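A.B. asks: Quick one: structure below, then a few questions.
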Amino acid sequence: MLTDAGLYLRFDGYDELKEVLAGSDEDVLVALGKPALIRIPGTDPAPRSRLASCLLHGNEDSGYRAVLEALRTGEHHAFDLWVIIGNVRAARTDGWFAHRYLDDQEDFNRTWGVSPPTTRMRRCCDAILEILVDTDLEAAVDLHNNTGKNPYYCVVPDPTQEALYLAAGLADTILRWPLRAHTLMEALSPVCPAVSVECGMPGIPDSTAFAFGALRRFLDRRDLGEPTPAPRRVFEMQHRVVVRPEVPFAFGGALSEELDLVLAPGMDGHNFGMVLAGTEIGRAHPGAAMPLLVTDMRGRETTDRFFAVRPDGALVVTEDVTPVMWTTTVRQTRRDCLFYVARRRA
Ligand SMILES: [Zn+2]
């Protein structure tokens, strides 16, 4: 086992991994203690390579469990299989899979190719990227969960034909995400087709089963450049909706001296569907100003196009919108956003 300045653990082949994989999924987190980069050598004489990444968000267990299940088979593929296990520290703090990232950390899926490399996490990303871009990558997938109800879908940062084929082979809903957010898949998109797979809510056996199925399809497909059946639905992300940082809020319940905004619960049921103009999505105190802030993918404010606060405090949608990733927790809203507005393209 090699380490790179202690930033992450490096494993080459199953022999080095055997001891680590012996325990439960949770035991593996304890054994690792930090991010891991794993290579399982391919059987081709001059193998290309594929990357499967998981747990960049410490609360998203499905992809992680699926990856461990795949590794425990001891299989070798024609290609070198590279695996990243991301925010191990967050995943094993305060119980299991309790934090997307810790208070003293940045979001591990927002630190790929970020300057300056001031922190251990940023340096870890730089060091891993440097290795990966030298490995003749033919494709990369990154496995995630959502905190609200969503269908299974793929996020495609750079919609090349190859990336869309890759995505359509993994899920039947595709979300094109042109946001520059320094995600791992964005950083790898200039190198190879690279997509994220969103595997439903964490902590649910169905989500792990989907993640494992997607991973299997990724590993078993001989030719990733081959056309796949067209996806059922393609969406493009266009706007990002946040609650203004100074506004204390909750999902459900009543307004109070402590709460300036109460959001309607259950809105995540509309993800990838439609919320019609006029729908009330929350309540503010009468006379309060707009508590939400909306920006487009270039960072220009677009709040007025989508929302209004009526004089009685009702927060309403003013245009039909397709939300994606509408979350259900205050924490996730603060750490990422309330939801994104998407447009259906096909
Ligand atoms: Zn995630």
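Each chain of the structure tokens is named A, B, ... in the order shown, its residues numbered from 1; ligands are numbered from 1 in display order.
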Write as a list of chain:residue names the residues around ligand 1, taking 9 Å as the cut-off and counting only C-alpha atoms and all ligand atoms.

C.D. replies: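 The residues within 9 Å of ligand 1, counting only C-alpha atoms and all ligand atoms, are A:Cys54, A:Leu55, A:Leu56, A:His57, A:Gly58, A:Asn59, A:Glu60, A:Arg100, A:Asn109, A:Asp142, A:Leu143, A:His144, A:Asn145, A:Asn146, A:Thr147, A:Ser196, A:Glu198.
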
A.B. asks: The selected residues should be written to file as a tab-separated table (two decimals), in the first residue's frame (atoms: C-alpha atoms).

C.D. replies:
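Saved to result-v1.tsv:
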```
chain	number	residue	atom	x	y	z
A	54	CYS	CA	-18.14	6.79	-5.04
A	55	LEU	CA	-18.67	8.48	-1.67
A	56	LEU	CA	-17.45	11.92	-2.76
A	57	HIS	CA	-20.38	12.87	-0.55
A	58	GLY	CA	-20.02	11.10	2.79
A	59	ASN	CA	-23.76	10.61	3.31
A	60	GLU	CA	-24.32	8.82	-0.02
A	100	ARG	CA	-22.15	15.16	3.01
A	109	ASN	CA	-17.26	17.16	-5.37
A	142	ASP	CA	-19.32	8.80	-10.32
A	143	LEU	CA	-22.08	7.34	-8.14
A	144	HIS	CA	-24.29	9.62	-6.03
A	145	ASN	CA	-27.56	9.79	-4.10
A	146	ASN	CA	-30.15	12.58	-3.78
A	147	THR	CA	-31.70	13.82	-0.54
A	196	SER	CA	-22.54	10.94	-12.64
A	198	GLU	CA	-27.83	9.53	-9.29
```

A.B. asks: Please identify all polymer residues within 10 Å of Met121 (chain A), counting only C-alpha atoms, omitting same-chain residues fewer than 3 positions from it, and present them as a PyMOL selection string.

C.D. replies: chain A and resi 7-8+35+86-87+105-108+111-112+117-118+124-127

A.B. asks: Using DSSP on the backbone coordinates, identify all residues within region 49-90 of chain A classified as strand (DSSP E or B); present the result as a ChimeraX atom specification.

C.D. replies: /A:49-54,80-85

A.B. asks: Write the selection just made, keeping N, CA and C atoms, as a tab-separated table (two decimals), in the first residue's frame?

C.D. replies:
```tsv
chain	number	residue	atom	x	y	z
A	49	SER	N	-8.30	2.05	-19.43
A	49	SER	CA	-8.78	2.03	-18.05
A	49	SER	C	-10.15	2.68	-17.94
A	50	ARG	N	-10.87	2.28	-16.91
A	50	ARG	CA	-12.17	2.89	-16.58
A	50	ARG	C	-12.15	3.26	-15.10
A	51	LEU	N	-12.87	4.33	-14.78
A	51	LEU	CA	-12.93	4.80	-13.39
A	51	LEU	C	-14.35	4.70	-12.85
A	52	ALA	N	-14.48	4.15	-11.65
A	52	ALA	CA	-15.74	4.22	-10.90
A	52	ALA	C	-15.46	4.94	-9.59
A	53	SER	N	-16.19	6.02	-9.35
A	53	SER	CA	-15.96	6.80	-8.13
A	53	SER	C	-17.20	6.74	-7.26
A	54	CYS	N	-17.01	6.81	-5.95
A	54	CYS	CA	-18.14	6.79	-5.04
A	54	CYS	C	-17.80	7.55	-3.76
A	80	ASP	N	-8.01	-1.84	-16.99
A	80	ASP	CA	-7.68	-1.50	-15.60
A	80	ASP	C	-8.90	-0.83	-14.98
A	81	LEU	N	-9.35	-1.34	-13.87
A	81	LEU	CA	-10.44	-0.66	-13.16
A	81	LEU	C	-9.85	0.21	-12.06
A	82	TRP	N	-10.13	1.51	-12.16
A	82	TRP	CA	-9.72	2.45	-11.10
A	82	TRP	C	-10.94	2.79	-10.27
A	83	VAL	N	-10.74	2.87	-8.97
A	83	VAL	CA	-11.84	3.19	-8.06
A	83	VAL	C	-11.41	4.32	-7.13
A	84	ILE	N	-12.28	5.30	-6.95
A	84	ILE	CA	-12.07	6.32	-5.92
A	84	ILE	C	-13.12	6.12	-4.83
A	85	ILE	N	-12.68	6.03	-3.60
A	85	ILE	CA	-13.61	6.09	-2.46
A	85	ILE	C	-13.32	7.42	-1.77
```

A.B. asks: Would you please work out which residue, of A:Pro265, A:Pro286, A:Gly113, A:Gly63, is nearest to Gly213 (chain A) when using only C-alpha atoms?

C.D. replies: A:Gly63

A.B. asks: So that I can check the surroundings of Ala140 (chain A), please list as a ChimeraX atom specification every protein, DNA and RNA residue that reaches within 12 Å of it, counting only C-alpha atoms and ignoring chain neighbours fewer than 4 positions away.

C.D. replies: /A:48-54,80-84,132-133,135-136,156,162-163,166-167,170,184-197,215,218-219,224

A.B. asks: Quick check, in Å to one decimal: how far apart do CA of Ala288 (chain A) and CA of Ala264 (chain A) lie?

C.D. replies: 17.4 Å

A.B. asks: For Ile204 (chain A), list every protein, DNA or RNA residue within 12 Å, evaluated using only C-alpha atoms, and leave out those in the same chain fewer than 3 positions away; present the list as a PyMOL selection string.

C.D. replies: chain A and resi 60-63+65+145-147+149+199-201+207-211

A.B. asks: From a DSSP pass on the backbone, collect the residues of region 3-124 of chain A flagged as helix (DSSP H, G or I) and hand them back as number ranges by chain.

C.D. replies: A: 14-21, 25-32, 61-72, 88-91, 120-124

A.B. asks: Pick from A:Gln238, A:Gln332, A:Thr318, A:Thr119: nearest to Arg176 (chain A), with only C-alpha atoms counted?

C.D. replies: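 For Arg176 (chain A), the nearest of the given residues is A:Gln238.
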
A.B. asks: Ranking A:Val309, A:Val341, A:Met297, A:Val243 by minimum distance to His270 (chain A) and counting only C-alpha atoms, which one comes first?

C.D. replies: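 For His270 (chain A), the nearest of the given residues is A:Val341.
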
A.B. asks: Quick one: distance from CA of Glu138 (chain A) to CA of His76 (chain A) in Å, one decimal?

C.D. replies: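 Distance reported for this atom pair: 16.5 Å.
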
A.B. asks: Just how far from CA of Tyr101 (chain A) is CA of Ile38 (chain A), in Å to one decimal?

C.D. replies: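 Separation between CA of Ile38 (chain A) and CA of Tyr101 (chain A): 21.6 Å.
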
A.B. asks: With only C-alpha atoms as the atoms that count, which of A:Pro116, A:Arg217, A:Lys18, A:Arg39 lies nearest to Thr73 (chain A)?

C.D. replies: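 Of the candidates, the smallest distance to Thr73 (chain A) is held by A:Lys18.
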